[in-house]
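Student: My questions all concern the structure below.
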Amino acid sequence: MLSYLAAALPTQTTAPARLLALQCALRSTAAGDVNIPAGLIRGMRLGRGATALAELQDARWLYSPTPPGGRGGGFTAQLLDAAVRMQTPTVKDRSRAADWSLRTCQRKELRELDAFPRLLALALAVHAPSGQSGAPASAEQEVLARMCGLPAQGLIPVLNALVSARFLRSWVPRPASEELLWEVAVHECLTGISSGRVSDGVTYRAD
């Protein structure tokens with residue numbers, strides 16, 4: 001879904017709008033309808049959620065009849081890009097992925113960081129090998145940069161911020177292959193999606 005959004009959204013789309021678009025895409029119905037509650041907006045810490053919503057409307061990726069900032073920040077919308085409904089995950093898988101991505105971005109290591117580091121952290125966690133503690137991961141710099149709406153050179157300070165926050169243990173470029181190699185320090189965020197339940201996007205129950 002991150003790859004789809006990298007292609008579907010304008011390159012200048014900000015990180016808050018990309019994170020919001022991800023939740024919209026993952027939580028939408030088969031008809032492209034989506035309801036984003038106010039609690040989810042607050043839990044995502046997007047700053048002014050209305051700004052991110054307006055950005056997605058300006059990109060003509062979705063239409064929302066809800067006035068920006070109304071209903072305490074929550075909104076309903078219709079996704080305008082039919083391609084989002086052709087992505088392969090099932091509705092159940094999308095719901096679980098939406099919860100997992102929200103949990104990952106809400107980790108204590110990332111909680112005080114801006115949207116760009118949280119978005120990159122999510123992309124790195126998606127690429128990392130699940131269930132292999134300490135196993136390095138790799139991806140092309142251009143792929144990661146495109147997912148985050150950054151130039152390739154713009155990844156370096158954000159990667160360093162994730163190391164300082166102790167989300168990443170280390171990272172190193174591979175100039176010959178134009179890849180990045182990294183190791184996620186927070187293993188539990190890679191172990192898959194738990195059976196916890198989400199209520200308004202912010203309250204969880206661990207079974």
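Identifiers in the structure tokens: chain A, B, ... in order shown; residue index from 1 per chain; ligand index from 1 in order shown.
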When you look at Val163 in chain A with a cut-off of 10 Å (counting only C-alpha atoms), what residues show up, excluding the ones that are within fewer than 6 positions of it in the same chain? I need them as a ChimeraX atom specification.
Tutor: /A:109,157,169-171,183-185
Student: Determine, counting only C-alpha atoms, which protein, DNA and RNA residues have an atom within 12 Å of an atom of Tyr4 in chain A; residues of the same chain fewer than 6 positions away are not included. Present the result as a PyMOL selection string.
Tutor: chain A and resi 10+18+21-22+25-26+81-88+143+146-147
Student: Take the residues just selected and output them with all heavy atoms as a compact mmCIF listing (two decimals), in the first residue's frame.
Tutor:
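Produced file result-v2.txt, reproduced below:
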```
# COMPACT_ATOMS: atom_id res chain seq x y z
N PRO A 10 0.78 13.01 -5.38
CA PRO A 10 1.80 13.92 -5.93
C PRO A 10 3.10 13.82 -5.12
O PRO A 10 3.07 13.57 -3.92
CB PRO A 10 1.16 15.31 -5.77
CG PRO A 10 -0.32 15.04 -5.72
CD PRO A 10 -0.46 13.72 -5.02
N ARG A 18 0.43 11.73 3.83
CA ARG A 18 0.71 10.34 3.42
C ARG A 18 0.28 9.36 4.51
O ARG A 18 -0.27 8.29 4.22
CB ARG A 18 2.19 10.17 3.09
CG ARG A 18 2.62 10.86 1.81
CD ARG A 18 4.11 10.74 1.55
NE ARG A 18 4.51 11.53 0.41
CZ ARG A 18 4.46 11.12 -0.86
NH1 ARG A 18 4.04 9.89 -1.12
NH2 ARG A 18 4.82 11.90 -1.85
N ALA A 21 -3.45 9.25 4.36
CA ALA A 21 -3.88 8.51 3.17
C ALA A 21 -3.72 7.00 3.38
O ALA A 21 -4.56 6.21 2.94
CB ALA A 21 -3.07 8.95 1.95
N LEU A 22 -2.67 6.61 4.07
CA LEU A 22 -2.45 5.18 4.33
C LEU A 22 -3.60 4.61 5.17
O LEU A 22 -4.13 3.54 4.86
CB LEU A 22 -1.12 4.99 5.06
CG LEU A 22 -0.78 3.55 5.44
CD1 LEU A 22 -0.63 2.67 4.21
CD2 LEU A 22 0.49 3.51 6.29
N ALA A 25 -6.76 4.41 3.01
CA ALA A 25 -6.71 3.31 2.06
C ALA A 25 -6.94 1.97 2.75
O ALA A 25 -7.66 1.11 2.24
CB ALA A 25 -5.37 3.32 1.32
N LEU A 26 -6.31 1.79 3.90
CA LEU A 26 -6.41 0.51 4.60
C LEU A 26 -7.77 0.32 5.27
O LEU A 26 -8.20 -0.82 5.47
CB LEU A 26 -5.30 0.39 5.64
CG LEU A 26 -3.87 0.25 5.08
CD1 LEU A 26 -2.85 0.31 6.21
CD2 LEU A 26 -3.73 -1.04 4.28
N ASP A 81 -9.70 7.45 -6.32
CA ASP A 81 -8.82 6.66 -7.19
C ASP A 81 -9.26 5.20 -7.14
O ASP A 81 -9.12 4.52 -6.11
CB ASP A 81 -7.37 6.79 -6.71
CG ASP A 81 -6.39 6.08 -7.64
OD1 ASP A 81 -6.83 5.54 -8.67
OD2 ASP A 81 -5.19 6.06 -7.32
N ALA A 82 -9.80 4.70 -8.24
CA ALA A 82 -10.29 3.32 -8.26
C ALA A 82 -9.18 2.31 -8.04
O ALA A 82 -9.43 1.19 -7.60
CB ALA A 82 -10.99 3.05 -9.60
N ALA A 83 -7.94 2.71 -8.31
CA ALA A 83 -6.82 1.76 -8.17
C ALA A 83 -6.64 1.30 -6.74
O ALA A 83 -6.13 0.20 -6.49
CB ALA A 83 -5.53 2.41 -8.68
N VAL A 84 -7.05 2.12 -5.77
CA VAL A 84 -6.88 1.73 -4.38
C VAL A 84 -7.73 0.51 -4.05
O VAL A 84 -7.38 -0.29 -3.19
CB VAL A 84 -7.22 2.90 -3.43
CG1 VAL A 84 -8.71 3.17 -3.40
CG2 VAL A 84 -6.72 2.62 -2.03
N ARG A 85 -8.85 0.34 -4.77
CA ARG A 85 -9.72 -0.80 -4.51
C ARG A 85 -9.24 -2.06 -5.22
O ARG A 85 -9.81 -3.14 -5.04
CB ARG A 85 -11.15 -0.46 -4.93
CG ARG A 85 -11.70 0.76 -4.19
CD ARG A 85 -13.19 0.89 -4.36
NE ARG A 85 -13.59 1.32 -5.70
CZ ARG A 85 -13.65 2.59 -6.07
NH1 ARG A 85 -13.33 3.55 -5.22
NH2 ARG A 85 -14.04 2.92 -7.28
N MET A 86 -8.19 -1.92 -6.02
CA MET A 86 -7.65 -3.07 -6.74
C MET A 86 -6.42 -3.65 -6.07
O MET A 86 -5.84 -4.62 -6.55
CB MET A 86 -7.28 -2.66 -8.18
CG MET A 86 -8.44 -2.13 -8.99
SD MET A 86 -7.93 -1.57 -10.62
CE MET A 86 -9.45 -0.82 -11.21
N GLN A 87 -6.00 -3.05 -4.94
CA GLN A 87 -4.85 -3.57 -4.22
C GLN A 87 -5.21 -4.93 -3.64
O GLN A 87 -6.34 -5.18 -3.23
CB GLN A 87 -4.41 -2.61 -3.12
CG GLN A 87 -4.09 -1.21 -3.63
CD GLN A 87 -3.05 -1.19 -4.74
OE1 GLN A 87 -1.95 -1.70 -4.57
NE2 GLN A 87 -3.41 -0.62 -5.88
N THR A 88 -4.23 -5.82 -3.57
CA THR A 88 -4.51 -7.23 -3.28
C THR A 88 -4.94 -7.56 -1.86
O THR A 88 -5.66 -8.53 -1.67
CB THR A 88 -3.28 -8.09 -3.63
OG1 THR A 88 -2.13 -7.55 -2.95
CG2 THR A 88 -3.04 -8.10 -5.12
N VAL A 143 13.46 3.91 -3.53
CA VAL A 143 12.15 3.36 -3.15
C VAL A 143 11.69 3.95 -1.82
O VAL A 143 10.55 4.41 -1.68
CB VAL A 143 12.22 1.83 -3.07
CG1 VAL A 143 10.95 1.26 -2.44
CG2 VAL A 143 12.43 1.23 -4.45
N ARG A 146 10.88 7.70 -2.18
CA ARG A 146 9.61 7.93 -2.87
C ARG A 146 8.42 7.66 -1.95
O ARG A 146 7.41 8.36 -2.00
CB ARG A 146 9.54 7.05 -4.12
CG ARG A 146 8.37 7.38 -5.04
CD ARG A 146 8.53 6.74 -6.41
NE ARG A 146 8.57 5.29 -6.32
CZ ARG A 146 9.66 4.55 -6.55
NH1 ARG A 146 10.81 5.13 -6.88
NH2 ARG A 146 9.62 3.24 -6.46
N MET A 147 8.51 6.64 -1.11
CA MET A 147 7.43 6.34 -0.17
C MET A 147 7.20 7.48 0.82
O MET A 147 6.08 7.68 1.29
CB MET A 147 7.76 5.06 0.61
CG MET A 147 7.59 3.79 -0.17
SD MET A 147 7.96 2.33 0.85
CE MET A 147 7.53 1.02 -0.31
```
Student: Can you list, as JSON, numbers by chain, every residue of range 118-169 of chain A that DSSP puts in strand (DSSP E or B)?
Tutor: {"A": [137, 138, 139, 140, 168, 169]}
Student: Just the selected residues (N, CA and C atoms), exported as an mmCIF file, in the first residue's frame, please.
Tutor:
```cif
data_model
loop_
_atom_site.group_PDB
_atom_site.id
_atom_site.type_symbol
_atom_site.label_atom_id
_atom_site.label_comp_id
_atom_site.auth_asym_id
_atom_site.auth_seq_id
_atom_site.Cartn_x
_atom_site.Cartn_y
_atom_site.Cartn_z
ATOM 1 N N ALA A 137 18.108 -5.527 7.174
ATOM 2 C CA ALA A 137 17.174 -5.378 6.063
ATOM 3 C C ALA A 137 17.779 -4.427 5.049
ATOM 4 N N SER A 138 17.264 -4.466 3.836
ATOM 5 C CA SER A 138 17.791 -3.586 2.803
ATOM 6 C C SER A 138 16.688 -3.211 1.828
ATOM 7 N N ALA A 139 16.854 -2.075 1.188
ATOM 8 C CA ALA A 139 15.941 -1.607 0.147
ATOM 9 C C ALA A 139 16.655 -0.506 -0.611
ATOM 10 N N GLU A 140 16.183 -0.238 -1.809
ATOM 11 C CA GLU A 140 16.771 0.836 -2.599
ATOM 12 C C GLU A 140 16.439 2.185 -1.961
ATOM 13 N N LEU A 168 16.199 2.609 15.284
ATOM 14 C CA LEU A 168 17.186 1.881 14.487
ATOM 15 C C LEU A 168 18.442 1.654 15.311
ATOM 16 N N ARG A 169 19.039 0.477 15.136
ATOM 17 C CA ARG A 169 20.322 0.218 15.780
ATOM 18 C C ARG A 169 21.453 0.809 14.927
#
```
Student: So which one's closest to Pro136 in chain A, A:Leu181, A:Ala98, A:Leu122, A:Ile156? Using only C-alpha atoms, please.
Tutor: A:Leu181
Student: Show me, as an NGL selection string, the residues that have an atom within 10 Å of Cys105 in chain A when counting only C-alpha atoms, minus same-chain residues fewer than 5 positions from it.
Tutor: :A and (19 or 43-45 or 100 or 110-111 or 113 or 115 or 117-122 or 189)
Student: Save out the residues we just selected, C-alpha atoms, as a JSON list (two decimals), in the first residue's frame.
Tutor:
```json
[["chain", "number", "residue", "atom", "x", "y", "z"],
["A", 19, "LEU", "CA", 0.12, 8.82, 6.86],
["A", 43, "GLY", "CA", -3.75, 9.22, 17.95],
["A", 44, "MET", "CA", -1.88, 9.79, 14.70],
["A", 45, "ARG", "CA", -0.56, 13.17, 15.92],
["A", 100, "TRP", "CA", -0.24, -2.51, 12.98],
["A", 110, "LEU", "CA", 8.77, 7.55, 17.76],
["A", 111, "ARG", "CA", 6.14, 9.39, 19.79],
["A", 113, "LEU", "CA", 9.24, 12.68, 16.40],
["A", 115, "ALA", "CA", 5.68, 12.84, 10.77],
["A", 117, "PRO", "CA", 10.64, 10.12, 10.78],
["A", 118, "ARG", "CA", 7.52, 8.16, 11.73],
["A", 119, "LEU", "CA", 6.65, 7.56, 8.08],
["A", 120, "LEU", "CA", 10.19, 6.40, 7.29],
["A", 121, "ALA", "CA", 10.20, 4.21, 10.40],
["A", 122, "LEU", "CA", 7.05, 2.55, 9.11],
["A", 189, "CYS", "CA", 7.26, -4.15, 16.10]]
```
